[in-house]
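Colleague: My file is final34.txt. It has compact mmCIF, N, CA and C atoms and all ligand atoms:
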# COMPACT_ATOMS: atom_id res chain seq x y z
N MET A 1 146.80 -35.01 61.41
CA MET A 1 147.91 -35.78 61.96
C MET A 1 147.95 -35.56 63.45
N SER A 2 148.06 -36.65 64.22
CA SER A 2 148.10 -36.46 65.67
C SER A 2 149.28 -37.20 66.26
N SER A 3 149.71 -36.71 67.42
CA SER A 3 150.86 -37.30 68.08
C SER A 3 150.44 -38.58 68.78
N PRO A 4 151.40 -39.49 69.00
CA PRO A 4 151.07 -40.68 69.79
C PRO A 4 150.78 -40.29 71.22
N PRO A 5 150.06 -41.15 71.96
CA PRO A 5 149.73 -40.81 73.34
C PRO A 5 151.00 -40.59 74.16
N VAL A 6 150.93 -39.66 75.05
CA VAL A 6 152.08 -39.34 75.88
C VAL A 6 151.81 -39.85 77.29
N PRO A 7 152.69 -40.70 77.84
CA PRO A 7 152.46 -41.15 79.21
C PRO A 7 152.46 -39.98 80.16
N ARG A 8 151.54 -40.00 81.09
CA ARG A 8 151.39 -38.87 82.00
C ARG A 8 152.01 -39.22 83.33
N PRO A 9 152.90 -38.38 83.84
CA PRO A 9 153.52 -38.67 85.13
C PRO A 9 152.52 -38.45 86.26
N PRO A 10 152.84 -38.94 87.47
CA PRO A 10 151.95 -38.70 88.59
C PRO A 10 151.78 -37.20 88.84
N SER A 11 150.64 -36.83 89.40
CA SER A 11 150.40 -35.42 89.69
C SER A 11 151.49 -34.88 90.60
N PRO A 12 152.05 -33.72 90.25
CA PRO A 12 153.08 -33.15 91.13
C PRO A 12 152.46 -32.68 92.43
N VAL A 13 153.27 -32.71 93.47
CA VAL A 13 152.78 -32.27 94.77
C VAL A 13 153.29 -30.87 95.10
N SER A 14 153.92 -30.23 94.10
CA SER A 14 154.36 -28.86 94.33
C SER A 14 154.06 -28.03 93.09
N ALA A 15 154.14 -26.72 93.25
CA ALA A 15 153.87 -25.83 92.13
C ALA A 15 154.90 -26.04 91.03
N VAL A 16 154.49 -25.81 89.80
CA VAL A 16 155.40 -25.92 88.66
C VAL A 16 156.16 -24.60 88.53
N ASN A 17 157.48 -24.71 88.56
CA ASN A 17 158.33 -23.51 88.46
C ASN A 17 158.82 -23.37 87.02
N LEU A 18 158.35 -22.35 86.31
CA LEU A 18 158.67 -22.23 84.89
C LEU A 18 160.16 -22.01 84.67
N ALA A 19 160.80 -21.20 85.52
CA ALA A 19 162.24 -20.96 85.34
C ALA A 19 163.01 -22.27 85.44
N GLU A 20 162.59 -23.11 86.37
CA GLU A 20 163.27 -24.41 86.52
C GLU A 20 163.05 -25.27 85.28
N LYS A 21 161.83 -25.23 84.74
CA LYS A 21 161.56 -26.00 83.52
C LYS A 21 162.42 -25.50 82.35
N PHE A 22 162.45 -24.19 82.17
CA PHE A 22 163.25 -23.66 81.05
C PHE A 22 164.73 -23.98 81.22
N SER A 23 165.21 -24.08 82.46
CA SER A 23 166.62 -24.36 82.70
C SER A 23 166.99 -25.78 82.27
N ARG A 24 165.98 -26.62 82.08
CA ARG A 24 166.24 -28.01 81.67
C ARG A 24 166.18 -28.19 80.16
N ILE A 25 165.92 -27.11 79.43
CA ILE A 25 165.82 -27.19 77.97
C ILE A 25 167.08 -26.59 77.36
N ASP A 26 167.71 -27.35 76.45
CA ASP A 26 168.96 -26.84 75.88
C ASP A 26 168.89 -26.73 74.36
N ASP A 27 167.67 -26.76 73.81
CA ASP A 27 167.56 -26.58 72.37
C ASP A 27 166.34 -25.69 72.06
N PHE A 28 166.24 -25.32 70.79
CA PHE A 28 165.19 -24.39 70.38
C PHE A 28 164.12 -25.10 69.56
N TRP A 29 162.91 -24.56 69.63
CA TRP A 29 161.78 -25.03 68.83
C TRP A 29 161.41 -26.48 69.14
N HIS A 30 161.69 -26.92 70.34
CA HIS A 30 161.39 -28.30 70.74
C HIS A 30 160.55 -28.23 72.02
N PRO A 31 159.23 -28.21 71.88
CA PRO A 31 158.37 -28.07 73.05
C PRO A 31 158.46 -29.29 73.98
N ARG A 32 158.37 -29.00 75.27
CA ARG A 32 158.25 -30.06 76.28
C ARG A 32 156.93 -29.88 77.01
N ILE A 33 156.36 -31.00 77.45
CA ILE A 33 155.08 -30.95 78.16
C ILE A 33 155.35 -30.75 79.65
N VAL A 34 154.63 -29.81 80.25
CA VAL A 34 154.77 -29.57 81.69
C VAL A 34 153.44 -29.69 82.42
N GLY A 35 152.36 -29.92 81.70
CA GLY A 35 151.07 -30.06 82.36
C GLY A 35 150.01 -30.54 81.38
N ALA A 36 148.92 -31.05 81.94
CA ALA A 36 147.80 -31.50 81.11
C ALA A 36 146.51 -31.25 81.86
N LEU A 37 145.52 -30.76 81.16
CA LEU A 37 144.21 -30.57 81.79
C LEU A 37 143.13 -30.55 80.74
N ASN A 38 142.07 -31.29 80.97
CA ASN A 38 140.87 -31.21 80.12
C ASN A 38 141.18 -31.42 78.64
N GLY A 39 142.08 -32.35 78.36
CA GLY A 39 142.39 -32.62 76.97
C GLY A 39 143.37 -31.65 76.34
N GLN A 40 143.83 -30.69 77.13
CA GLN A 40 144.81 -29.73 76.63
C GLN A 40 146.16 -30.01 77.28
N LEU A 41 147.21 -29.67 76.57
CA LEU A 41 148.54 -29.77 77.15
C LEU A 41 149.09 -28.38 77.41
N VAL A 42 149.87 -28.28 78.47
CA VAL A 42 150.65 -27.07 78.74
C VAL A 42 152.09 -27.42 78.36
N LYS A 43 152.65 -26.63 77.43
CA LYS A 43 154.00 -26.92 76.95
C LYS A 43 154.87 -25.69 77.14
N VAL A 44 156.17 -25.93 77.23
CA VAL A 44 157.12 -24.81 77.27
C VAL A 44 158.14 -25.03 76.15
N ALA A 45 158.64 -23.93 75.61
CA ALA A 45 159.65 -24.03 74.56
C ALA A 45 160.52 -22.78 74.56
N ARG A 46 161.77 -22.99 74.21
CA ARG A 46 162.68 -21.87 73.94
C ARG A 46 162.71 -21.67 72.43
N LEU A 47 162.62 -20.43 72.01
CA LEU A 47 162.56 -20.12 70.59
C LEU A 47 163.67 -19.16 70.23
N GLN A 48 164.27 -19.38 69.06
CA GLN A 48 165.22 -18.41 68.53
C GLN A 48 165.26 -18.57 67.02
N GLY A 49 165.18 -17.44 66.32
CA GLY A 49 165.14 -17.48 64.87
C GLY A 49 163.70 -17.56 64.38
N ALA A 50 163.55 -18.03 63.16
CA ALA A 50 162.22 -18.09 62.54
C ALA A 50 161.77 -19.54 62.42
N PHE A 51 160.52 -19.78 62.72
CA PHE A 51 159.93 -21.11 62.56
C PHE A 51 159.45 -21.26 61.12
N ASP A 52 158.70 -22.33 60.86
CA ASP A 52 158.19 -22.57 59.51
C ASP A 52 156.73 -22.10 59.41
N TRP A 53 156.35 -21.58 58.25
CA TRP A 53 154.95 -21.22 58.02
C TRP A 53 154.09 -22.48 58.12
N HIS A 54 152.97 -22.36 58.81
CA HIS A 54 152.05 -23.49 58.92
C HIS A 54 150.71 -22.98 59.44
N HIS A 55 149.71 -23.87 59.45
CA HIS A 55 148.46 -23.55 60.13
C HIS A 55 147.93 -24.82 60.79
N HIS A 56 146.96 -24.62 61.67
CA HIS A 56 146.30 -25.74 62.34
C HIS A 56 144.83 -25.66 61.96
N ALA A 57 144.37 -26.65 61.21
CA ALA A 57 143.02 -26.56 60.64
C ALA A 57 141.94 -26.46 61.72
N ASP A 58 142.11 -27.18 62.82
CA ASP A 58 141.01 -27.30 63.79
C ASP A 58 141.37 -26.81 65.19
N GLU A 59 142.53 -26.21 65.36
CA GLU A 59 142.97 -25.89 66.71
C GLU A 59 143.45 -24.45 66.81
N ASP A 60 142.94 -23.74 67.81
CA ASP A 60 143.50 -22.44 68.17
C ASP A 60 144.77 -22.73 68.98
N GLU A 61 145.70 -21.78 68.98
CA GLU A 61 146.99 -22.04 69.61
C GLU A 61 147.38 -20.81 70.43
N LEU A 62 147.59 -21.01 71.75
CA LEU A 62 147.91 -19.89 72.63
C LEU A 62 149.41 -19.82 72.88
N PHE A 63 149.98 -18.65 72.70
CA PHE A 63 151.39 -18.39 72.99
C PHE A 63 151.45 -17.36 74.12
N LEU A 64 151.93 -17.78 75.29
CA LEU A 64 152.15 -16.88 76.42
C LEU A 64 153.66 -16.67 76.54
N VAL A 65 154.09 -15.43 76.35
CA VAL A 65 155.52 -15.13 76.38
C VAL A 65 155.94 -14.79 77.80
N VAL A 66 156.94 -15.49 78.30
CA VAL A 66 157.42 -15.20 79.66
C VAL A 66 158.80 -14.54 79.64
N ARG A 67 159.49 -14.59 78.51
CA ARG A 67 160.78 -13.90 78.38
C ARG A 67 160.98 -13.52 76.92
N GLY A 68 161.50 -12.32 76.69
CA GLY A 68 161.77 -11.88 75.34
C GLY A 68 160.53 -11.33 74.65
N THR A 69 160.65 -11.14 73.36
CA THR A 69 159.55 -10.60 72.55
C THR A 69 159.40 -11.46 71.30
N LEU A 70 158.20 -12.00 71.12
CA LEU A 70 157.93 -12.88 69.97
C LEU A 70 157.13 -12.11 68.93
N ARG A 71 157.51 -12.30 67.68
CA ARG A 71 156.74 -11.70 66.58
C ARG A 71 155.96 -12.83 65.90
N MET A 72 154.64 -12.68 65.87
CA MET A 72 153.82 -13.69 65.20
C MET A 72 153.44 -13.14 63.83
N GLU A 73 154.12 -13.66 62.82
CA GLU A 73 153.82 -13.20 61.47
C GLU A 73 152.64 -14.01 60.92
N MET A 74 151.70 -13.28 60.35
CA MET A 74 150.59 -13.91 59.65
C MET A 74 150.55 -13.27 58.27
N ARG A 75 149.78 -13.81 57.36
CA ARG A 75 149.86 -13.33 55.98
C ARG A 75 149.44 -11.87 55.87
N ASP A 76 148.49 -11.45 56.71
CA ASP A 76 147.97 -10.09 56.57
C ASP A 76 148.46 -9.13 57.64
N GLU A 77 149.04 -9.66 58.70
CA GLU A 77 149.48 -8.77 59.79
C GLU A 77 150.51 -9.48 60.64
N THR A 78 151.20 -8.69 61.46
CA THR A 78 152.16 -9.24 62.40
C THR A 78 151.80 -8.74 63.79
N VAL A 79 151.76 -9.65 64.75
CA VAL A 79 151.45 -9.29 66.13
C VAL A 79 152.71 -9.45 66.96
N THR A 80 153.06 -8.42 67.72
CA THR A 80 154.21 -8.48 68.60
C THR A 80 153.74 -8.85 70.00
N ILE A 81 154.35 -9.89 70.59
CA ILE A 81 153.93 -10.39 71.90
C ILE A 81 155.11 -10.22 72.85
N ALA A 82 154.96 -9.35 73.82
CA ALA A 82 156.04 -9.08 74.78
C ALA A 82 155.90 -10.00 75.98
N ALA A 83 156.93 -10.06 76.80
CA ALA A 83 156.89 -10.84 78.03
C ALA A 83 155.71 -10.36 78.87
N GLY A 84 154.94 -11.31 79.39
CA GLY A 84 153.76 -10.96 80.17
C GLY A 84 152.51 -10.85 79.32
N GLU A 85 152.64 -11.08 78.01
CA GLU A 85 151.48 -11.00 77.11
C GLU A 85 151.25 -12.35 76.44
N PHE A 86 150.02 -12.57 75.98
CA PHE A 86 149.78 -13.77 75.19
C PHE A 86 148.98 -13.41 73.96
N TYR A 87 149.00 -14.32 73.00
CA TYR A 87 148.23 -14.15 71.78
C TYR A 87 147.72 -15.51 71.36
N ILE A 88 146.49 -15.54 70.88
CA ILE A 88 145.91 -16.79 70.41
C ILE A 88 145.81 -16.74 68.90
N VAL A 89 146.54 -17.63 68.24
CA VAL A 89 146.45 -17.73 66.78
C VAL A 89 145.19 -18.53 66.47
N PRO A 90 144.24 -17.93 65.74
CA PRO A 90 143.00 -18.65 65.45
C PRO A 90 143.25 -19.84 64.52
N ARG A 91 142.44 -20.84 64.68
CA ARG A 91 142.54 -22.01 63.81
C ARG A 91 142.47 -21.59 62.35
N GLY A 92 143.24 -22.30 61.53
CA GLY A 92 143.17 -22.05 60.09
C GLY A 92 144.03 -20.90 59.59
N VAL A 93 144.55 -20.08 60.52
CA VAL A 93 145.33 -18.92 60.09
C VAL A 93 146.79 -19.31 59.94
N GLU A 94 147.35 -19.06 58.78
CA GLU A 94 148.76 -19.34 58.56
C GLU A 94 149.62 -18.42 59.41
N HIS A 95 150.61 -18.99 60.06
CA HIS A 95 151.44 -18.17 60.95
C HIS A 95 152.87 -18.69 60.96
N ARG A 96 153.77 -17.76 61.37
CA ARG A 96 155.18 -18.10 61.50
C ARG A 96 155.73 -17.32 62.69
N PRO A 97 156.01 -18.03 63.81
CA PRO A 97 156.62 -17.33 64.95
C PRO A 97 158.07 -16.99 64.65
N VAL A 98 158.48 -15.77 65.01
CA VAL A 98 159.86 -15.33 64.80
C VAL A 98 160.39 -14.74 66.11
N ALA A 99 161.55 -15.23 66.53
CA ALA A 99 162.20 -14.73 67.75
C ALA A 99 163.56 -14.18 67.33
N ASP A 100 163.65 -12.84 67.23
CA ASP A 100 164.94 -12.24 66.84
C ASP A 100 165.99 -12.52 67.90
N ASP A 101 165.58 -12.44 69.17
CA ASP A 101 166.42 -12.85 70.29
C ASP A 101 165.67 -13.96 71.01
N GLU A 102 166.33 -14.61 71.93
CA GLU A 102 165.71 -15.77 72.57
C GLU A 102 164.40 -15.42 73.25
N VAL A 103 163.42 -16.30 73.07
CA VAL A 103 162.09 -16.14 73.67
C VAL A 103 161.73 -17.43 74.40
N HIS A 104 161.11 -17.27 75.57
CA HIS A 104 160.56 -18.42 76.29
C HIS A 104 159.04 -18.31 76.23
N VAL A 105 158.40 -19.37 75.81
CA VAL A 105 156.94 -19.36 75.70
C VAL A 105 156.31 -20.54 76.43
N VAL A 106 155.09 -20.28 76.89
CA VAL A 106 154.21 -21.34 77.38
C VAL A 106 153.10 -21.48 76.35
N LEU A 107 152.80 -22.71 75.95
CA LEU A 107 151.78 -22.98 74.93
C LEU A 107 150.64 -23.77 75.56
N PHE A 108 149.43 -23.44 75.17
CA PHE A 108 148.26 -24.23 75.57
C PHE A 108 147.59 -24.70 74.29
N GLU A 109 147.46 -25.99 74.14
CA GLU A 109 146.83 -26.49 72.93
C GLU A 109 146.37 -27.92 73.15
N PRO A 110 145.46 -28.39 72.31
CA PRO A 110 144.99 -29.77 72.46
C PRO A 110 146.15 -30.75 72.34
N ALA A 111 146.00 -31.89 73.01
CA ALA A 111 147.06 -32.90 72.98
C ALA A 111 147.37 -33.33 71.56
N SER A 112 146.42 -33.18 70.65
CA SER A 112 146.61 -33.65 69.27
C SER A 112 147.39 -32.68 68.40
N THR A 113 147.66 -31.46 68.91
CA THR A 113 148.28 -30.45 68.04
C THR A 113 149.74 -30.74 67.78
N LEU A 114 150.11 -30.73 66.51
CA LEU A 114 151.52 -30.79 66.12
C LEU A 114 152.00 -29.36 65.94
N HIS A 115 153.18 -29.03 66.47
CA HIS A 115 153.59 -27.63 66.46
C HIS A 115 153.87 -27.08 65.08
N THR A 116 154.15 -27.96 64.13
CA THR A 116 154.32 -27.46 62.76
C THR A 116 153.04 -27.60 61.94
N GLY A 117 151.94 -27.92 62.64
CA GLY A 117 150.63 -27.89 61.99
C GLY A 117 150.55 -28.79 60.78
N ASN A 118 150.20 -28.19 59.64
CA ASN A 118 149.92 -28.95 58.44
C ASN A 118 151.16 -29.32 57.65
N VAL A 119 152.34 -28.88 58.10
CA VAL A 119 153.54 -29.20 57.35
C VAL A 119 154.50 -30.02 58.22
N VAL A 120 155.32 -30.81 57.58
CA VAL A 120 156.35 -31.57 58.28
C VAL A 120 157.69 -31.03 57.82
N THR A 121 158.49 -30.55 58.76
CA THR A 121 159.80 -29.99 58.42
C THR A 121 160.84 -30.63 59.34
N GLU A 122 162.07 -30.16 59.17
CA GLU A 122 163.12 -30.73 60.05
C GLU A 122 162.89 -30.34 61.50
N LYS A 123 162.03 -29.36 61.75
CA LYS A 123 161.74 -28.96 63.13
C LYS A 123 160.62 -29.79 63.77
N THR A 124 159.90 -30.55 62.96
CA THR A 124 158.73 -31.27 63.47
C THR A 124 159.13 -32.32 64.50
N ARG A 125 158.46 -32.30 65.65
CA ARG A 125 158.64 -33.33 66.68
C ARG A 125 157.31 -34.01 66.87
N THR A 126 157.29 -35.32 66.65
CA THR A 126 156.01 -36.02 66.74
C THR A 126 155.75 -36.61 68.11
N SER A 127 156.78 -36.81 68.91
CA SER A 127 156.50 -37.27 70.27
C SER A 127 157.25 -36.38 71.24
N LEU A 128 156.50 -35.79 72.15
CA LEU A 128 157.07 -34.82 73.08
C LEU A 128 157.18 -35.45 74.46
N GLU A 129 158.23 -35.09 75.17
CA GLU A 129 158.42 -35.67 76.48
C GLU A 129 157.97 -34.70 77.58
N TRP A 130 157.61 -35.29 78.70
CA TRP A 130 157.33 -34.50 79.90
C TRP A 130 158.65 -34.14 80.56
N ILE A 131 158.71 -32.94 81.09
CA ILE A 131 159.84 -32.60 81.94
C ILE A 131 159.29 -32.06 83.26
NI NI B 201 151.29 -23.13 65.12
What does the file become when written as structure tokens?

Modeller:
Amino acid sequence: MSSPPVPRPPSPVSAVNLAEKFSRIDDFWHPRIVGALNGQLVKVARLQGAFDWHHHADEDELFLVVRGTLRMEMRDETVTIAAGEFYIVPRGVEHRPVADDEVHVVLFEPASTLHTGNVVTEKTRTSLEWI
């Protein structure tokens, strides 16, 4: 399953300020696009609570934590990702991100990746906007 094409805004003429981007987000588990390169999207999201178990058959997924501590639960192990750290969930591995307290993440993944992977839940967003 892939997302519809996302219109790309003109190239910014200034650096992207992550704090400013996060300040424009007022909900959880709803990624916004802040960059695109080489077929990959750079997304930001605020997370709180537990997401849904899912996997991505063909895509690795990078989570860079910039605030808080994210727990990446997988069937056989759990990886704790602190601010300033990242973790790449390998393709095919079932995972469930959990944020006991609020977490801000930057995601790098192919434009085709749906954040809920192989499942569709009430959290699934099929078209993401640029901010
Ligand atoms: Ni995922």

Colleague: Could you list, as a list in words, all residues that come within 8 Å of ligand NI 201 (chain B)? Count all atoms listed in the file.

Modeller: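 I would give the residues around ligand NI 201 (chain B) as Asp52, Trp53, His54, His55, His56, Asp60, Glu61, Leu62, Val89, Val93, Glu94, His95, Arg96, Pro97, Leu114, His115, Thr116, Gly117 and Asn118 of chain A.
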
Colleague: Which residue, A:Val42, A:His104, A:Ala19, A:Ala111, has the smallest gap to Leu70 (chain A) when you use all atoms listed in the file?

Modeller: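 Smallest distance to Leu70 (chain A) is found for A:His104.
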
Colleague: Please tell me which residues are no farther than 7 Å from (147.7, -29.2, 78.2) in the file, counting all atoms listed in the file, and write them as a PyMOL selection string.

Modeller: chain A and resi 35-43+107-111

Colleague: Could you please determine the separation between atom N of Glu73 (chain A) and atom N of Lys123 (chain A) in Å, to one decimal place?

Modeller: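 Interatomic distance, atom N of Glu73 (chain A) to atom N of Lys123 (chain A): 17.6 Å.
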
Colleague: Given the point (157.1, -30.2, 69.3) in the coordinates of this file, which residues lie within 6 Å, counting only N, CA and C atoms, and how would they look as a list in words?

Modeller: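 Applying the cut-off with only N, CA and C atoms, one gets Trp29, His30, Pro31, His115, Thr124, Arg125, Thr126 and Leu128 of chain A.
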
Colleague: Quick one: pull the distance between CA of Ala50 (chain A) and atom N of Val106 (chain A), Å, one decimal.

Modeller: 16.2 Å

Colleague: So, with only N, CA and C atoms as the atoms that count, which of A:Val105, A:Val120, A:Val98, A:Met72 lies closest to Gly49 (chain A)?

Modeller: A:Val98

Colleague: Would you give me, as a list in words, the residues in chain A that DSSP reads as alpha helix (DSSP H)?

Modeller: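 Of chain A, only Leu18, Ala19, Glu20, Lys21, Phe22 and Ser23 of chain A fall in alpha helix (DSSP H).
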
Colleague: Rounded to one decimal in Å, what is the spacing between CA of Arg71 (chain A) and CA of Val34 (chain A)?

Modeller: 23.5 Å

Colleague: Name the residues in contact with Gln48 (chain A) at a cut-off of 6.5 Å, using only N, CA and C atoms, excluding same-chain residues fewer than 5 positions from it; report them as a PDB file with N, CA and C atoms, in the coordinates of the input.

Modeller:
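Output file result_0.pdb is given in full below:
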ATOM      1  N   PHE A  28     166.240 -25.320  70.790  1.00  0.00           N
ATOM      2  CA  PHE A  28     165.190 -24.390  70.380  1.00  0.00           C
ATOM      3  C   PHE A  28     164.120 -25.100  69.560  1.00  0.00           C
ATOM      4  N   TRP A  29     162.910 -24.560  69.630  1.00  0.00           N
ATOM      5  CA  TRP A  29     161.780 -25.030  68.830  1.00  0.00           C
ATOM      6  C   TRP A  29     161.410 -26.480  69.140  1.00  0.00           C
ATOM      7  N   VAL A  98     158.480 -15.770  65.010  1.00  0.00           N
ATOM      8  CA  VAL A  98     159.860 -15.330  64.800  1.00  0.00           C
ATOM      9  C   VAL A  98     160.390 -14.740  66.110  1.00  0.00           C
ATOM     10  N   ALA A  99     161.550 -15.230  66.530  1.00  0.00           N
ATOM     11  CA  ALA A  99     162.200 -14.730  67.750  1.00  0.00           C
ATOM     12  C   ALA A  99     163.560 -14.180  67.330  1.00  0.00           C
ATOM     13  N   ASP A 100     163.650 -12.840  67.230  1.00  0.00           N
ATOM     14  CA  ASP A 100     164.940 -12.240  66.840  1.00  0.00           C
ATOM     15  C   ASP A 100     165.990 -12.520  67.900  1.00  0.00           C
ATOM     16  N   ASP A 101     165.580 -12.440  69.170  1.00  0.00           N
ATOM     17  CA  ASP A 101     166.420 -12.850  70.290  1.00  0.00           C
ATOM     18  C   ASP A 101     165.670 -13.960  71.010  1.00  0.00           C
ATOM     19  N   GLU A 102     166.330 -14.610  71.930  1.00  0.00           N
ATOM     20  CA  GLU A 102     165.710 -15.770  72.570  1.00  0.00           C
ATOM     21  C   GLU A 102     164.400 -15.420  73.250  1.00  0.00           C
ATOM     22  N   VAL A 103     163.420 -16.300  73.070  1.00  0.00           N
ATOM     23  CA  VAL A 103     162.090 -16.140  73.670  1.00  0.00           C
ATOM     24  C   VAL A 103     161.730 -17.430  74.400  1.00  0.00           C
TER      25      VAL A 103
END

Colleague: Would you pick out the contacts of Asp27 (chain A) at 10 Å or less, using only C-alpha atoms, so that residues sharing its chain but fewer than 5 positions from it are not included, and give the list as a list in words?

Modeller: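 Near neighbours after the sequence-gap exclusion: Ala45, Arg46, Leu47 and Gln48 of chain A.
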
Colleague: Need to verify the contact set: Tyr87 (chain A), 8 Å, only N, CA and C atoms, exclusion of same-chain residues closer than 6 positions in sequence. Can you return it as a PyMOL selection string?

Modeller: chain A and resi 61-65+80-81
